[in-house]
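Okay, structure first, notes after.
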Amino acid sequence: MNKYDAIVIGAGHNGLTNAAFLAKAGLKVLVLEKNDYIGGATVSRELQEGWKYSNCSYVCSLFRPEIYQSLELGRHGLEVVPLQGSTTFKQNGDYFGSYHQSAVRRREIARHSKRDADASIRFDADLMKWCRLIRGFLLRTPPDPVSFKMRDAMEFAYLLKKFYSLSESQIYEFIRFFTMSIAEYLEEYFESDVILAHFSGGSIIGTGLGVYSPGTAYVLLHHAMGDVDGNVGSWGFARGGMGSVSKAIASSFLAFGGEIRTQAEVEKIVVSGRKATGVLLSSGEEVSAKTIVSNLDAKRTFLKVMDRKDLPAELIHRAENFKIRGSSGKLNIALDGMPDFPSLPKGSPLTLGHMHFTDTLERLERAYDDWKDDRWSQDPYVDAVIPTQYDPSMSPPGKHMMSVFVQYCPVAVEGGWNNEKRDEFGAAVIDQIARYSPNFKDLIVHAEVRTPKEIEAEVGLTEGNIFQGELTLDQLMFNRPFPGYAQYRGPVKNMYMCSSSNHPGGGVMGAPGANAAREILLDLGKPDSTPGDFGDD
Amino acid sequence: MISSSTINAIVIGAGHNGLVCATYLAKAGYRVQVLEARDSVGGGASTSNFAEGYQVSGLAHVLHSLHPTVCKDLNLDAAGLQKGTAIDTIALDLGGAHLTLDTDSASGAGLSHRDAEAYTAFKREFRSYAKALEPMMMARPPRLKDMDFQDKMTLAKLGWKLRFGLGAQSMRDFLRVGGINIYDVLNEEFSNPLLKAAIAVDAVMGHHMGPRTPTTVLTYLQRLWGETHSANSLPPGGMGQVSRALENAAREAGVLILTDAKVDKILIQEGRACGVQLESGEEHKADVVVSNADAKTTFLDLAGTSELDAMFAKRIHTTRTNGNVAKLHLGLNALPTITGLTELQMGQRLLIAPDMRYVEHAFNHAKYGEFSEHPILEITIPSIADPTLAPEGHHVMSISASFAPYSLKKGWDEARSIFTDKIIAAIERYAPGLSNAIVARELLTPLDIETQYHVKGGHWHHGELTIDQSFMMRPIHGTAQYNTPIDGLFLCGASAHPGGGISGVPGRNAAQRILAMDGGT
């Protein structure tokens with residue numbers, strides 16, 4: 001008799017979400033984590049005394065509100081503070097501010113282009129339309145296009161019905177939105193360089209694509225469809241840093257009777273007779289359970305913790321060719337005080353939001369060209385936020401913490417990464433910010449610089465890819481992670497996948513974890529504990 | 001609807017699609033008149049006399065997609081069509097280890113056994129994808145809502161071909177790679193850099209794309225679709241000979257062709273096209289007007305925005321139609337030599353693109369309005385197979401060079417000679433002594449192509465073949481089924497589905513649509 005019904009490998013936010021739903025349905029669940037802390041990339045850590053860094057993921061927007069409610073994360077201590085607007089600094093000393101209040105934002109757009117201010121009304125409405133449509137698909141299992149099973153046919157019928165709620169021209173516009181590049185999509189609305197650059201930036205975050213690569217317009221949605229308190233399209237900070245998200249999910253999981261073991265690295269998934277029966281820890285201990293769920297990315301799951309002899313050759317081939325190139329770097333900076341940004345008016349609320357320093361599409365695209373040739377961007381795209389303006393608990397009184405996300409940074413630079421090159425990369429990023437903030441460099445108390453190499457080594461994201469697999473059409477929906485394996489079931493019985501390598505992909509969203517739980521419970525004949533369709537419309 | 005007035009249909013432009021469309025209509029009993037601005041027919045499929053005694057295919061120089069259905073329906077063989085013999089593609093190597101590719105096999109360039117086998121399997125697999133798309137290519141694009149019987153049939157045939165023509169495994173693979181870039185696919189399949197680059201060139205040449213641009217698998221399939229029914233060839237007499245055969249077939253069917261007759265505007269009465277006015281002021285009336293011109297010219301110049309819904313006009317205006325390929329013609333007093341190539345091999349399709357990084361770097365420039373420092377080149381010397389194209393002992397070389405963006409930041413005036421020199425220098429590295437043999441030269445930038453061939457932006461395909469400008473969105477949704485918002489006005493050129501290449505398919509599909517709609521009432 002097994003002590004556990006299910007084992008989840010990896011205490012990242014999807015693993016915890018998956019475990020919580022399984023426990024909620026009454027299963028005895030054990031979560032195994034190799035690090036001595038939980039959360040994976042959804043974590044807050046104190047690397048400089050007095051400062052807490054959200055040192056991987058840094059904003060909370062994609063997290064599904066259905067999951068928040070269903071796991072009562074509010075009661076377990078998660079509090080999300082909406083983020084106020086964003087800015088792009090121009091090289092000529094001006095700036096563009098995308099204010100939180102839409103009327104103010106429109107006035108600001110008009111300051112740069114009157115025509116763009118009119119276009120922005122159309123743009124906002126269109127984007128909202130696609131958000132509402134796509135959101136409905138996130139918490140569903142993708143149907144298999146070659147299958148003739150009733151369930152897949154029904155799911156296709158459901159999706160078709162949803163599409164048919166659109167008018168004919170909206171259907172074509174949706175296909176265009178899904179396949180166009182962000183730059184070309186925006187150029188159909190806007191003319192001002194800084195506005196084009198400002199709204200394009202979100203689409204390249206985490207991707208191996210440039211602003212002119214077809215398919216990036218859709219990524220915009222991936223970032224714009226977050227819900228904070230039911231407010232579509234807003235971003236938020238988790239109070240106490242991103243670690244609070246995983247802590248709250250873990251607390252919910254424990255309340256359902258779950259168990260977490262840290263410093264317990266899984267070496268192998270034990271398979272006998274084409275069935276997963278348990279896991280072998282690096283300590284040599286073997287733990288068995290009826291169901292094994294992997295929250296590791298697809299490469300680690302199939303090429304590291306599973307034995308080749310247990311896998312079909314085609315799947316090994318797909319796993320080896322799974323595209324998971326990292327493209328992002330991260331700096332976490334402890335600051336002695338609040339940096340000045342002389343471009344902004346005194347007391348501007350814009351420092352409360354995202355700050356960007358790339359003001360043309362050409363600069364964005366050239367940053368991508370560097371990455372293609374295995375260099376970090378000489379003129380990097382930066383997404384900087386200072387969450388301590390909202391949440392003083394993350395730094396000593398009067399001090400600040402800045403979280404700097406950087407696009408692009410390659411998995412391997414020429415000759416390989418070393419500490420000098422890493423610091424050079426960090427310096428390039430700091431220089432970029434310092435160009436717009438004269439006292440910035442003097443305020444730096446401590447800076448943690450992370451290239452894809454550090455991200456992989458610490459969190460276990462292969463090649464440092466923040467989405468656990470690139471978000472291109474060959475790895476989305478029914479193709480994620482591989483064609484034929486998009487329904488969370490592994491190649492052997494009783495084995496499942498719940499990481500961001502699965503539909504609908506990366507970001508601190510929780511959806512792959514919840515979707516996988518639904519499939520597991522279905523196979524076990526247990527009642528579904530996961531939230532159903534999104535219902536705010 | 002078709003009245004007994006003298007002319008039933010006017011076709012604007014005697015490009016190959018205009019001639020194809022006109023002939024189909026005439027065969028169905030329409031009285032058709034074709035009006036051509038230039039002094040001869042053919043448009044982009046013509047032979048140009050670029051210097052005294054030197055002739056070359058003016059724009060398109062390799063015939064690779066003329067559809068057999070069109071050839072058969074219009075009886076082009078009887079009209080004198082000669083496609084020429086099939087040619088191989090040879091990717092040049094500086095050291096002389098060139099790579100030879102035909103439709104199914106690859107050899108040379110120290111190609112590994114594994115790569116050679118993979119190439120054969122890859123071509124077979126990808127050709128089967130292209131074949132599966134055939135029902136989609138040979139019909140008007142189906143509407144996705146309010147479908148009629150034909151729309152449903154097209155989709156059903158496509159679905160059947162994908163699921164049962166390809167089978168479960170191939171369908172999965174197709175759905176996986178169909179929307180991505182050729183770069184990742186080729187890296188997964190092959191290791192030989194020359195081989196990867198040669199395939200990548202087919203995916204990006206003529207487009208504003210590099211190998212790493214998503215959707216280049218689709219542009220490659222569009223190119224390969226031609227290969228599913230005919231091999232690459234150099235028509236004797238140049239591409240003008242193909243158009244002459246089309247002209248013969250058209251006249252045979254009773255089509256009236258008027259050259260030096262530039263249409264100035266489409267006459268519209270109460271929302272219905274009723275004829276055209278020429279630059280000379282002359283008016284020609286007809287029941288139906290079919291435009292072989294690109295969509296921007298047709299709607300914005302000839303019909304006029306006052307006849308269009310403002311949003312429709314804006315969307316036509318924002319379609320991406322800027323060309324990226326320049327054409328260089330050289331008259332040579334001797335045949336150049338390339339180490340390791342026989343004269344017969346010199347007469348094949350030669351490529352200069354050593355690896356995919358080279359191709360991607362060439363494209364990088366185009367993104368910023370610059371021409372490629374090191375362009376990718378497709379070279380043919382048609383005078384080897386057809387000595388009549390040049391004076392005795394002399395030769396003509398025809399080169400497509402990418403990337404040469406239509407809107408060059410610095411303008412083409414000064415850049416023209418610099419870019420020409422760059423192309424010649426790039427070839428000379430492989431063919432020493434080339435520049436000494438040059439006796440005549442002509443460079444056509446996309447800007448020249450625009451003015452000489454009346455194609456906005458000078459684009460090979462009259463518009464980018466990205467997904468958002470393909471199928472039921474080509475040139476834009478709302479006019480993707482060849483009929484337009486203006487009654488009695490139709491599109492039949494490369495702006496319309498399935499796009500460019502000397503295939504004749506847009507012309508054929510348009511004619512079927514016009515006949516099915518009985519002229520649009």
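If you're wondering about the labels, chains in the structure tokens are A, B, ... by order shown, residues count from 1 in each chain, ligands from 1 in order shown.
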- Shell around B:Asp102 at 10 Å using only C-alpha atoms, local window under 6 positions removed, as a ChimeraX atom specification: /B:86-90,120,231-232
Just-selected residues, C-alpha atoms written as a PDB file, in the first residue's frame:
ATOM      1  CA  ALA B  86      14.801  20.999 -66.278  1.00  0.00           C
ATOM      2  CA  ILE B  87      17.748  22.563 -64.473  1.00  0.00           C
ATOM      3  CA  ASP B  88      19.475  21.740 -61.207  1.00  0.00           C
ATOM      4  CA  THR B  89      20.385  24.161 -58.474  1.00  0.00           C
ATOM      5  CA  ILE B  90      24.080  24.464 -57.690  1.00  0.00           C
ATOM      6  CA  THR B 120      15.576  13.021 -50.094  1.00  0.00           C
ATOM      7  CA  ALA B 231      10.640  21.385 -62.347  1.00  0.00           C
ATOM      8  CA  ASN B 232      12.775  24.540 -62.568  1.00  0.00           C
TER       9      ASN B 232
END
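Among the residues of stretch 107-232 of chain A, backbone DSSP assigns strand (DSSP E or B) to Asp227, Val228, Asn231 and Val232 of chain A.
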If we count only C-alpha atoms, what is near B:Lys422 at a cut-off of 12 Å, once residues fewer than 3 positions away on the same chain are taken out, given as a PDB file with C-alpha atoms, in the first residue's frame?
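As written to disk, selection-v8.pdb reads:
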ATOM      1  CA  LEU B 328      20.969  42.636 -62.514  1.00  0.00           C
ATOM      2  CA  PHE B 371      20.830  46.890 -49.029  1.00  0.00           C
ATOM      3  CA  SER B 372      22.743  43.755 -48.055  1.00  0.00           C
ATOM      4  CA  GLU B 373      26.430  44.224 -47.607  1.00  0.00           C
ATOM      5  CA  HIS B 374      26.755  40.610 -48.806  1.00  0.00           C
ATOM      6  CA  PRO B 375      23.651  39.844 -50.867  1.00  0.00           C
ATOM      7  CA  ILE B 376      22.229  36.409 -51.624  1.00  0.00           C
ATOM      8  CA  LEU B 377      22.334  35.793 -55.349  1.00  0.00           C
ATOM      9  CA  ALA B 401      19.885  39.827 -55.730  1.00  0.00           C
ATOM     10  CA  SER B 402      18.482  40.064 -52.222  1.00  0.00           C
ATOM     11  CA  PHE B 403      18.119  42.118 -50.182  1.00  0.00           C
ATOM     12  CA  ALA B 404      17.513  45.383 -51.965  1.00  0.00           C
ATOM     13  CA  ALA B 415      23.295  53.386 -54.075  1.00  0.00           C
ATOM     14  CA  ARG B 416      22.511  51.948 -57.494  1.00  0.00           C
ATOM     15  CA  SER B 417      26.087  51.742 -58.724  1.00  0.00           C
ATOM     16  CA  ILE B 418      27.461  50.769 -55.303  1.00  0.00           C
ATOM     17  CA  PHE B 419      25.054  47.860 -55.072  1.00  0.00           C
ATOM     18  CA  ALA B 425      32.330  41.644 -56.694  1.00  0.00           C
ATOM     19  CA  ALA B 426      30.440  38.873 -54.891  1.00  0.00           C
ATOM     20  CA  ILE B 427      30.194  36.807 -58.093  1.00  0.00           C
ATOM     21  CA  GLU B 428      33.760  37.578 -59.081  1.00  0.00           C
ATOM     22  CA  ARG B 429      35.024  35.846 -55.959  1.00  0.00           C
ATOM     23  CA  SER B 435      34.218  42.102 -64.562  1.00  0.00           C
ATOM     24  CA  LEU B 443      20.226  47.041 -62.596  1.00  0.00           C
TER      25      LEU B 443
END
Closest contacts (chain A/chain B, max 6 Å, only C-alpha atoms) as JSON lines:
{"residue": "A:Val146", "atom": "CA", "partner": "B:Ala168", "partner_atom": "CA", "distance": 5.9}
{"residue": "A:Glu168", "atom": "CA", "partner": "B:Lys145", "partner_atom": "CA", "distance": 5.5}
{"residue": "A:Arg176", "atom": "CA", "partner": "B:Asp468", "partner_atom": "CA", "distance": 4.6}
{"residue": "A:Ser213", "atom": "CA", "partner": "B:Thr213", "partner_atom": "CA", "distance": 5.7}
{"residue": "A:Pro214", "atom": "CA", "partner": "B:Pro214", "partner_atom": "CA", "distance": 5.6}
{"residue": "A:Leu473", "atom": "CA", "partner": "B:Gly179", "partner_atom": "CA", "distance": 5.8}
{"residue": "A:Asp474", "atom": "CA", "partner": "B:Arg176", "partner_atom": "CA", "distance": 4.3}
- Task: Within stretch 45-86 of chain A, find each residue whose DSSP state, derived from the backbone, is alpha helix (DSSP H), and express the selection as a list in words.
- Result: Pro65, Glu66, Ile67, Tyr68, Gln69 and Ser70 of chain A
